[in-house]
Amino acid sequence: MSDKTIHIFDSTLRDGSQALGISFSVNDKLKIAAKLDEIGVSYIEAGNPGSNRKDLEFFAAARKELKLKHAKLCAFGSTRRPGIRADEDVNLKALVSSGTMVTAIFGKTWDFHVTDIIKTSLEENLSMISDSIRYLKSLGKEVIFDAEHFFDGYKHNQKYALEVLQAAQEAGADWLVLCDTNGGTLPLEMYSIVGGLVSRYRFSNLGIHCHNDSGTGVANSLLAVQAGARQVQGTFNGLGERCGNANLSTIIADLTLKLGYSCIPAEKLKHITAACRYISEVSNVVPYERDPYVGHCAFAHKGGMHIDAVNKNSTSFEHVPPEAVGNERRILLSEVSGRSTLMAIIRSIAPHITRDSAETQRILDKLKDKEYHGYQFEGAEHSLELLARKELGLFKHSFELLDYKVIIEKGNGSGKSPSLAFIKIRVDDMVEEVGVSDEIGPVNALDKALRRALHKFYESISQMHLSDYKVRVIDSDSATQAKVRVMIESTDGVSSWSTVGVSTNIIDASLQALIDSVEYKLLNKQ
C-alpha cells in the first residue's frame, strides 16, 4: 500500500441514518450505495443487520441488485456479548448472514464503558474482542475493528486502551479504527496520540472515525492521516447523530487537492459536488449551502473588488478551481458588486461583448429598471442570466403562458388550503395544452399544473422540483397592496438554480419565478 493511498470508508447509510430527520428506505440505501460506488469510495458501511429488519432487507436486496465496481460492502455490528461463545452470538450470526466479505465490529476501549456501561470485567472485554475477530476471520472475512471511545479511553487509561488495540491486532483485525465517538478531541491532541501510536507502537493499519461535536471532525481526520492513519471514516454531507460525522466531501477534496493523497479515482473528483447533491436529494435534506468545495456558496462572490479580482485571475479569491470538484463560480449581483458582476454573466453567454459595448449598457439599463420595480437578483442569478440572454437575442421561449386560474377552497382548520390550478400554454406557436392540478397550496398547485402541461413536450421537466421558496414584502407601507418578491430554488437532484418574480399579486410573482425556473432547466437540459 502506497504511503499516499487513503482508503475512504463511508458510513452514510449507518451513521448518517442516525441523524435527526433522516429515515432511509431500502430503496434509498440502494441508490446511495450505487452513487458511493460510482464516486469511488473504498468501503460502504451499509447498516447493522443485527439491529433492525430494514437493514436485513437491504443486505438481501444488495446481494441481488447491487453490482459494485469499486467499493466493498460492509456490515456493522458489535463484539459478542459477555459470557457466551462467538459462534453463539445472535449479532455476530446476523453479520455473517448479511453475506458481506467485510465486517466492522466495535468494541469498548474506555475502561469506564466496560465496567459501568456493559458491566463486565476488563479481561472479559478483551476476550470478547479477540473471540469475535477470530471467529469472523475463520470465515474468511476482512475485519475492521472500531475501537469505540478510543481517545477518551486513551486519555483515561492509556495502558488498557493499548491492550485493546493489541488484542484486536493479535486476533487478526485487518484495520484498527480509532473512534472519537464523543467528538470531543481537539486537533493537536489528535495528532499527538495518533502519531505516538505509529512511531512508538508501530501500528501501521490505523483508521480514523471522527464525530463533529467540537466542530473539528474534518481537521481531526486530516491530522490523523498526516500522523499515519490510512483509512478515513465519515459521511457525505457530514450526516450523523448529534452534530454529525466528519464530512467526507471536504476531507476527500482536502486530501487530494491540498495534501497530495489518493482517496478516490482522480477522474471522479469533479463529480463530487453532484454526488453530494444527489445524496442530499435521496436523503430528503436541503444541502448545506456553505459546505466547503460542494456548497452553493463555496465559490460565490459578492464584493465588487473581489469580483473584479476574480475576473482578472480567479486564484486571487479562490483557493481551488470550482470545476476541480464539479462546482461552479457564482457572481452575486448586489449594491456592492458593480458592473463586474454583470460582465461575468454576459461573458459566459457572449464572450465577445465587452464592458463598453452597447449591449452591456442596454442590459444594465434593463437591470436598473427591474430593480427599481422591486426585483433583486442577488441569489437569483439564473433569472439574471435569462434577462441577459433575452436582451442579447440569444433566448427562445420554450413555451408561452396564455392563461391561468387558481381557485382556493376554504380550509378545514388545519392550516392547509386545497387549491385547484388551471394553466393554458402554447408550444411552438401552435400547440396548446392545459394543465390541471388539485393540491394543497396555490403555488404548489400552479407548479404541478405547469409541469403537467409541459411534460408531453419536455420529459426532463419530471426531474425537477422546488427545493426552497421565499417571499418578501417590498414596500410594507402599502399594506395589503404592497409588492412582494418571490425567490425560489429548484433542483433536479444534481444541479440547483434560483429565480425571482415580483408583483403586487403573490400568485403572479410566484408564477414568474416558476416560469423562469422551468425555462432555465429547459435551456440547460442534458
# chains A, B, ... in the order shown; residues from 1 in each chain; ligands from 1
call {"tool": "select_by_dssp", "arguments": {"residues": "range 145-235 of chain A", "states": "strand (DSSP E)", "output": "ChimeraX atom specification"}}
result
/A:145-148,175-180,206-210,231-234
call {"tool": "write_last_selection", "arguments": {"atoms": "N, CA and C atoms", "output": "PDB file, in the first residue's frame"}}
result
ATOM      1  N   PHE A 145     -11.871  -3.369  12.953  1.00  0.00           N
ATOM      2  CA  PHE A 145     -12.224  -3.212  14.367  1.00  0.00           C
ATOM      3  C   PHE A 145     -12.346  -1.739  14.699  1.00  0.00           C
ATOM      4  N   ASP A 146     -13.534  -1.330  15.141  1.00  0.00           N
ATOM      5  CA  ASP A 146     -13.780   0.041  15.577  1.00  0.00           C
ATOM      6  C   ASP A 146     -13.534   0.132  17.085  1.00  0.00           C
ATOM      7  N   ALA A 147     -12.456   0.808  17.444  1.00  0.00           N
ATOM      8  CA  ALA A 147     -12.119   0.989  18.856  1.00  0.00           C
ATOM      9  C   ALA A 147     -12.958   2.144  19.396  1.00  0.00           C
ATOM     10  N   GLU A 148     -14.122   1.794  19.915  1.00  0.00           N
ATOM     11  CA  GLU A 148     -15.095   2.812  20.332  1.00  0.00           C
ATOM     12  C   GLU A 148     -14.563   3.615  21.519  1.00  0.00           C
ATOM     13  N   TRP A 175      -7.943  -3.863  10.074  1.00  0.00           N
ATOM     14  CA  TRP A 175      -7.838  -2.432  10.353  1.00  0.00           C
ATOM     15  C   TRP A 175      -8.185  -2.185  11.812  1.00  0.00           C
ATOM     16  N   LEU A 176      -7.460  -1.257  12.432  1.00  0.00           N
ATOM     17  CA  LEU A 176      -7.780  -0.776  13.769  1.00  0.00           C
ATOM     18  C   LEU A 176      -8.210   0.677  13.633  1.00  0.00           C
ATOM     19  N   VAL A 177      -9.494   0.930  13.819  1.00  0.00           N
ATOM     20  CA  VAL A 177     -10.033   2.267  13.593  1.00  0.00           C
ATOM     21  C   VAL A 177     -10.236   2.968  14.928  1.00  0.00           C
ATOM     22  N   LEU A 178      -9.601   4.121  15.069  1.00  0.00           N
ATOM     23  CA  LEU A 178      -9.658   4.894  16.296  1.00  0.00           C
ATOM     24  C   LEU A 178     -10.878   5.810  16.246  1.00  0.00           C
ATOM     25  N   CYS A 179     -11.820   5.597  17.160  1.00  0.00           N
ATOM     26  CA  CYS A 179     -13.078   6.339  17.114  1.00  0.00           C
ATOM     27  C   CYS A 179     -13.085   7.467  18.146  1.00  0.00           C
ATOM     28  N   ASP A 180     -13.323   8.688  17.663  1.00  0.00           N
ATOM     29  CA  ASP A 180     -13.573   9.808  18.568  1.00  0.00           C
ATOM     30  C   ASP A 180     -15.082   9.906  18.721  1.00  0.00           C
ATOM     31  N   LEU A 206      -3.901   1.704  10.907  1.00  0.00           N
ATOM     32  CA  LEU A 206      -4.856   2.523  11.649  1.00  0.00           C
ATOM     33  C   LEU A 206      -5.839   3.247  10.734  1.00  0.00           C
ATOM     34  N   GLY A 207      -7.055   3.373  11.229  1.00  0.00           N
ATOM     35  CA  GLY A 207      -8.058   4.223  10.593  1.00  0.00           C
ATOM     36  C   GLY A 207      -8.530   5.260  11.608  1.00  0.00           C
ATOM     37  N   ILE A 208      -9.276   6.243  11.121  1.00  0.00           N
ATOM     38  CA  ILE A 208      -9.791   7.301  11.994  1.00  0.00           C
ATOM     39  C   ILE A 208     -11.277   7.500  11.736  1.00  0.00           C
ATOM     40  N   HIS A 209     -12.043   7.667  12.812  1.00  0.00           N
ATOM     41  CA  HIS A 209     -13.507   7.825  12.727  1.00  0.00           C
ATOM     42  C   HIS A 209     -13.893   8.957  13.677  1.00  0.00           C
ATOM     43  N   CYS A 210     -14.105  10.144  13.119  1.00  0.00           N
ATOM     44  CA  CYS A 210     -14.349  11.337  13.951  1.00  0.00           C
ATOM     45  C   CYS A 210     -15.792  11.812  13.865  1.00  0.00           C
ATOM     46  N   GLN A 231      -6.857   4.882   6.804  1.00  0.00           N
ATOM     47  CA  GLN A 231      -8.276   4.744   6.476  1.00  0.00           C
ATOM     48  C   GLN A 231      -9.008   5.899   7.146  1.00  0.00           C
ATOM     49  N   VAL A 232      -9.933   6.534   6.415  1.00  0.00           N
ATOM     50  CA  VAL A 232     -10.727   7.630   6.987  1.00  0.00           C
ATOM     51  C   VAL A 232     -12.199   7.279   6.879  1.00  0.00           C
ATOM     52  N   GLN A 233     -12.889   7.304   8.016  1.00  0.00           N
ATOM     53  CA  GLN A 233     -14.322   7.057   8.038  1.00  0.00           C
ATOM     54  C   GLN A 233     -15.070   8.376   8.190  1.00  0.00           C
ATOM     55  N   GLY A 234     -16.243   8.427   7.595  1.00  0.00           N
ATOM     56  CA  GLY A 234     -17.077   9.622   7.680  1.00  0.00           C
ATOM     57  C   GLY A 234     -18.310   9.454   6.834  1.00  0.00           C
TER      58      GLY A 234
END
call {"tool": "residues_around", "arguments": {"residues": "range 85-88 of chain A", "least_positions_apart": "3", "cutoff": "10 Å", "atoms": "only C-alpha atoms", "output": "mmCIF file with N, CA and C atoms, in the first residue's frame"}}
result
data_model
loop_
_atom_site.group_PDB
_atom_site.id
_atom_site.type_symbol
_atom_site.label_atom_id
_atom_site.label_comp_id
_atom_site.auth_asym_id
_atom_site.auth_seq_id
_atom_site.Cartn_x
_atom_site.Cartn_y
_atom_site.Cartn_z
ATOM 1 N N THR A 79 -19.117 -6.703 19.112
ATOM 2 C CA THR A 79 -18.475 -7.946 19.513
ATOM 3 C C THR A 79 -19.506 -8.844 20.194
ATOM 4 N N ARG A 80 -19.094 -10.062 20.474
ATOM 5 C CA ARG A 80 -20.010 -10.965 21.187
ATOM 6 C C ARG A 80 -20.367 -10.390 22.542
ATOM 7 N N ARG A 81 -21.461 -10.853 23.083
ATOM 8 C CA ARG A 81 -21.876 -10.430 24.410
ATOM 9 C C ARG A 81 -21.040 -11.149 25.485
ATOM 10 N N PRO A 82 -21.024 -10.623 26.695
ATOM 11 C CA PRO A 82 -20.252 -11.275 27.759
ATOM 12 C C PRO A 82 -20.788 -12.674 28.078
ATOM 13 N N ASN A 91 -25.909 -11.370 17.250
ATOM 14 C CA ASN A 91 -25.470 -10.257 16.404
ATOM 15 C C ASN A 91 -24.371 -10.685 15.441
ATOM 16 N N LEU A 92 -23.439 -11.508 15.910
ATOM 17 C CA LEU A 92 -22.382 -11.987 15.016
ATOM 18 C C LEU A 92 -22.962 -12.901 13.931
ATOM 19 N N LYS A 93 -23.960 -13.693 14.283
ATOM 20 C CA LYS A 93 -24.629 -14.534 13.277
ATOM 21 C C LYS A 93 -25.300 -13.668 12.214
ATOM 22 N N SER A 127 -11.387 -10.502 25.842
ATOM 23 C CA SER A 127 -11.757 -11.801 25.265
ATOM 24 C C SER A 127 -12.884 -11.654 24.255
ATOM 25 N N MET A 128 -13.857 -10.786 24.569
ATOM 26 C CA MET A 128 -14.972 -10.553 23.638
ATOM 27 C C MET A 128 -14.454 -10.043 22.298
ATOM 28 N N ILE A 129 -13.484 -9.130 22.357
ATOM 29 C CA ILE A 129 -12.910 -8.558 21.132
ATOM 30 C C ILE A 129 -12.128 -9.620 20.370
ATOM 31 N N SER A 130 -11.239 -10.331 21.064
ATOM 32 C CA SER A 130 -10.402 -11.342 20.406
ATOM 33 C C SER A 130 -11.246 -12.466 19.817
ATOM 34 N N ASP A 131 -12.184 -12.981 20.591
ATOM 35 C CA ASP A 131 -13.008 -14.103 20.128
ATOM 36 C C ASP A 131 -13.819 -13.724 18.892
ATOM 37 N N SER A 132 -14.389 -12.525 18.918
ATOM 38 C CA SER A 132 -15.241 -12.095 17.798
ATOM 39 C C SER A 132 -14.429 -11.950 16.517
ATOM 40 N N ILE A 133 -13.260 -11.353 16.622
ATOM 41 C CA ILE A 133 -12.426 -11.160 15.432
ATOM 42 C C ILE A 133 -11.948 -12.503 14.896
ATOM 43 N N ARG A 134 -11.491 -13.391 15.798
ATOM 44 C CA ARG A 134 -11.017 -14.704 15.338
ATOM 45 C C ARG A 134 -12.139 -15.493 14.665
ATOM 46 N N TYR A 135 -13.336 -15.393 15.207
ATOM 47 C CA TYR A 135 -14.475 -16.104 14.610
ATOM 48 C C TYR A 135 -14.749 -15.598 13.194
ATOM 49 N N LEU A 136 -14.784 -14.291 13.024
ATOM 50 C CA LEU A 136 -15.048 -13.726 11.704
ATOM 51 C C LEU A 136 -13.912 -14.006 10.732
#
call {"tool": "select_by_dssp", "arguments": {"residues": "range 362-521 of chain A", "states": "alpha helix (DSSP H)", "output": "ChimeraX atom specification"}}
result
/A:362-372,381-391,442-455,506-521
call {"tool": "residues_around", "arguments": {"residues": "Leu420 in chain A", "least_positions_apart": "4", "cutoff": "7 Å", "atoms": "only C-alpha atoms", "output": "JSON, numbers by chain"}}
result
{"A": [406, 407, 408, 437, 438, 439, 445]}
call {"tool": "write_last_selection", "arguments": {"atoms": "C-alpha atoms", "output": "CSV table (one decimal), in the first residue's frame"}}
result
chain,number,residue,atom,x,y,z
A,406,VAL,CA,-56.3,29.4,-9.3
A,407,ILE,CA,-59.3,28.5,-7.1
A,408,ILE,CA,-58.6,28.3,-3.3
A,437,SER,CA,-53.7,20.2,-10.6
A,438,ASP,CA,-55.5,19.8,-7.3
A,439,GLU,CA,-53.0,20.3,-4.5
A,445,ALA,CA,-50.9,23.6,-7.4
call {"tool": "residues_around", "arguments": {"residues": "range 20-26 of chain A", "least_positions_apart": "3", "cutoff": "9 Å", "atoms": "only C-alpha atoms", "output": "number ranges by chain"}}
result
A: 13, 16-17, 29-31, 54-55, 57-58, 61, 239-242, 282-285
call {"tool": "closest_residue", "arguments": {"among": "A:Leu248, A:Ile39, A:Ala167, A:Val494", "to": "Ser11 in chain A", "atoms": "only C-alpha atoms"}}
result
A:Leu248
call {"tool": "residues_around", "arguments": {"residues": "Glu359 in chain A", "least_positions_apart": "6", "cutoff": "8 Å", "atoms": "only C-alpha atoms", "output": "PyMOL selection string"}}
result
chain A and resi 353+391-392
call {"tool": "write_last_selection", "arguments": {"atoms": "N, CA and C atoms", "output": "short mmCIF file (atom, residue, chain, number, x, y, z; two decimals), in the first residue's frame"}}
result
data_model
loop_
_atom_site.label_atom_id
_atom_site.label_comp_id
_atom_site.auth_asym_id
_atom_site.auth_seq_id
_atom_site.Cartn_x
_atom_site.Cartn_y
_atom_site.Cartn_z
N ILE A 353 -18.55 40.27 -26.06
CA ILE A 353 -19.08 41.55 -25.57
C ILE A 353 -18.19 42.08 -24.45
N GLU A 391 -32.12 40.11 -23.75
CA GLU A 391 -31.67 41.40 -24.29
C GLU A 391 -30.66 41.23 -25.42
N LEU A 392 -29.93 40.12 -25.40
CA LEU A 392 -28.93 39.86 -26.46
C LEU A 392 -29.52 39.10 -27.64
#
call {"tool": "residues_around", "arguments": {"residues": "Asp111 in chain A", "least_positions_apart": "5", "cutoff": "12 Å", "atoms": "only C-alpha atoms", "output": "count of residues only"}}
result
29
call {"tool": "residues_around", "arguments": {"residues": "Arg362 in chain A", "least_positions_apart": "3", "cutoff": "12 Å", "atoms": "only C-alpha atoms", "output": "list of chain:residue names"}}
result
A:Leu342, A:Ile346, A:Ile353, A:Arg355, A:Asp356, A:Ser357, A:Ala358, A:Glu359, A:Asp365, A:Lys366, A:Leu367, A:Lys368, A:Asp369, A:Leu387, A:Ala388, A:Arg389, A:Lys390, A:Glu391, A:Leu392
call {"tool": "closest_residue", "arguments": {"among": "A:Glu409, A:Val225, A:Lys141, A:Arg329", "to": "Ser314 in chain A", "atoms": "only C-alpha atoms"}}
result
A:Arg329
call {"tool": "atom_distance", "arguments": {"atom1": "CA of Gly295 in chain A", "atom2": "CA of Glu318 in chain A"}}
result
13.8 Å
call {"tool": "closest_residue", "arguments": {"among": "A:Ile423, A:Ile506, A:Leu514, A:Leu522", "to": "Gln463 in chain A", "atoms": "only C-alpha atoms"}}
result
A:Leu522
call {"tool": "closest_residue", "arguments": {"among": "A:Ala449, A:Ile8, A:Val473, A:Val320", "to": "Leu257 in chain A", "atoms": "only C-alpha atoms"}}
result
A:Val320
call {"tool": "closest_residue", "arguments": {"among": "A:Glu65, A:Gly238, A:Ile252, A:Asn182", "to": "Tyr288 in chain A", "atoms": "only C-alpha atoms"}}
result
A:Gly238
call {"tool": "atom_distance", "arguments": {"atom1": "CA of Asp508 in chain A", "atom2": "CA of Leu402 in chain A"}}
result
13.3 Å
call {"tool": "closest_residue", "arguments": {"among": "A:Thr315, A:Ile331, A:Met430, A:Glu385", "to": "Ile349 in chain A", "atoms": "only C-alpha atoms"}}
result
A:Glu385
call {"tool": "decode", "arguments": {"residues": "range 369-399 of chain A", "atoms": "N, CA and C atoms", "output": "mmCIF file, in the first residue's frame"}}
result
data_model
loop_
_atom_site.group_PDB
_atom_site.id
_atom_site.type_symbol
_atom_site.label_atom_id
_atom_site.label_comp_id
_atom_site.auth_asym_id
_atom_site.auth_seq_id
_atom_site.Cartn_x
_atom_site.Cartn_y
_atom_site.Cartn_z
ATOM 1 N N ASP A 369 -33.906 49.139 -14.283
ATOM 2 C CA ASP A 369 -35.355 49.308 -14.331
ATOM 3 C C ASP A 369 -36.051 48.208 -13.528
ATOM 4 N N LYS A 370 -35.563 46.980 -13.671
ATOM 5 C CA LYS A 370 -36.137 45.862 -12.908
ATOM 6 C C LYS A 370 -35.955 46.078 -11.405
ATOM 7 N N GLU A 371 -34.761 46.490 -11.020
ATOM 8 C CA GLU A 371 -34.502 46.719 -9.600
ATOM 9 C C GLU A 371 -35.368 47.861 -9.047
ATOM 10 N N TYR A 372 -35.618 48.868 -9.888
ATOM 11 C CA TYR A 372 -36.480 49.981 -9.479
ATOM 12 C C TYR A 372 -37.878 49.470 -9.143
ATOM 13 N N HIS A 373 -38.303 48.450 -9.871
ATOM 14 C CA HIS A 373 -39.646 47.901 -9.664
ATOM 15 C C HIS A 373 -39.663 46.759 -8.642
ATOM 16 N N GLY A 374 -38.530 46.547 -7.948
ATOM 17 C CA GLY A 374 -38.545 45.615 -6.816
ATOM 18 C C GLY A 374 -37.804 44.310 -6.999
ATOM 19 N N TYR A 375 -37.256 44.075 -8.194
ATOM 20 C CA TYR A 375 -36.516 42.839 -8.402
ATOM 21 C C TYR A 375 -35.180 42.902 -7.661
ATOM 22 N N GLN A 376 -34.712 41.764 -7.233
ATOM 23 C CA GLN A 376 -33.391 41.648 -6.636
ATOM 24 C C GLN A 376 -32.773 40.367 -7.171
ATOM 25 N N PHE A 377 -31.603 40.488 -7.781
ATOM 26 C CA PHE A 377 -31.018 39.337 -8.463
ATOM 27 C C PHE A 377 -29.895 38.681 -7.680
ATOM 28 N N GLU A 378 -29.553 39.222 -6.524
ATOM 29 C CA GLU A 378 -28.598 38.514 -5.673
ATOM 30 C C GLU A 378 -29.267 37.235 -5.183
ATOM 31 N N GLY A 379 -28.658 36.126 -5.445
ATOM 32 C CA GLY A 379 -29.260 34.852 -5.079
ATOM 33 C C GLY A 379 -30.242 34.338 -6.108
ATOM 34 N N ALA A 380 -30.473 35.108 -7.194
ATOM 35 C CA ALA A 380 -31.357 34.651 -8.272
ATOM 36 C C ALA A 380 -30.671 34.943 -9.603
ATOM 37 N N GLU A 381 -29.388 34.600 -9.661
ATOM 38 C CA GLU A 381 -28.597 34.954 -10.842
ATOM 39 C C GLU A 381 -29.036 34.205 -12.095
ATOM 40 N N HIS A 382 -29.802 33.141 -11.930
ATOM 41 C CA HIS A 382 -30.262 32.412 -13.119
ATOM 42 C C HIS A 382 -31.380 33.177 -13.823
ATOM 43 N N SER A 383 -32.189 33.917 -13.069
ATOM 44 C CA SER A 383 -33.136 34.850 -13.694
ATOM 45 C C SER A 383 -32.377 35.970 -14.410
ATOM 46 N N LEU A 384 -31.285 36.414 -13.812
ATOM 47 C CA LEU A 384 -30.469 37.451 -14.441
ATOM 48 C C LEU A 384 -29.856 36.950 -15.739
ATOM 49 N N GLU A 385 -29.415 35.709 -15.753
ATOM 50 C CA GLU A 385 -28.873 35.147 -16.996
ATOM 51 C C GLU A 385 -29.945 35.116 -18.084
ATOM 52 N N LEU A 386 -31.169 34.738 -17.723
ATOM 53 C CA LEU A 386 -32.249 34.725 -18.710
ATOM 54 C C LEU A 386 -32.527 36.135 -19.223
ATOM 55 N N LEU A 387 -32.509 37.122 -18.317
ATOM 56 C CA LEU A 387 -32.721 38.512 -18.729
ATOM 57 C C LEU A 387 -31.650 38.943 -19.735
ATOM 58 N N ALA A 388 -30.382 38.628 -19.448
ATOM 59 C CA ALA A 388 -29.299 38.999 -20.358
ATOM 60 C C ALA A 388 -29.451 38.310 -21.702
ATOM 61 N N ARG A 389 -29.816 37.048 -21.698
ATOM 62 C CA ARG A 389 -29.997 36.319 -22.958
ATOM 63 C C ARG A 389 -31.119 36.951 -23.800
ATOM 64 N N LYS A 390 -32.190 37.348 -23.132
ATOM 65 C CA LYS A 390 -33.306 37.961 -23.855
ATOM 66 C C LYS A 390 -32.872 39.281 -24.494
ATOM 67 N N GLU A 391 -32.120 40.109 -23.753
ATOM 68 C CA GLU A 391 -31.670 41.397 -24.286
ATOM 69 C C GLU A 391 -30.656 41.231 -25.421
ATOM 70 N N LEU A 392 -29.928 40.121 -25.402
ATOM 71 C CA LEU A 392 -28.932 39.861 -26.457
ATOM 72 C C LEU A 392 -29.516 39.099 -27.641
ATOM 73 N N GLY A 393 -30.786 38.755 -27.559
ATOM 74 C CA GLY A 393 -31.409 37.999 -28.645
ATOM 75 C C GLY A 393 -30.942 36.560 -28.708
ATOM 76 N N LEU A 394 -30.491 36.018 -27.555
ATOM 77 C CA LEU A 394 -29.952 34.653 -27.507
ATOM 78 C C LEU A 394 -30.868 33.717 -26.728
ATOM 79 N N PHE A 395 -32.149 34.075 -26.705
ATOM 80 C CA PHE A 395 -33.086 33.248 -25.943
ATOM 81 C C PHE A 395 -34.359 33.033 -26.747
ATOM 82 N N LYS A 396 -34.824 31.787 -26.769
ATOM 83 C CA LYS A 396 -36.087 31.441 -27.404
ATOM 84 C C LYS A 396 -36.966 30.765 -26.355
ATOM 85 N N HIS A 397 -38.151 31.336 -26.156
ATOM 86 C CA HIS A 397 -39.062 30.764 -25.170
ATOM 87 C C HIS A 397 -39.403 29.326 -25.530
ATOM 88 N N SER A 398 -39.384 28.455 -24.532
ATOM 89 C CA SER A 398 -39.774 27.062 -24.751
ATOM 90 C C SER A 398 -41.289 26.913 -24.797
ATOM 91 N N PHE A 399 -41.988 27.888 -24.232
ATOM 92 C CA PHE A 399 -43.449 27.858 -24.230
ATOM 93 C C PHE A 399 -43.946 29.268 -23.943
#
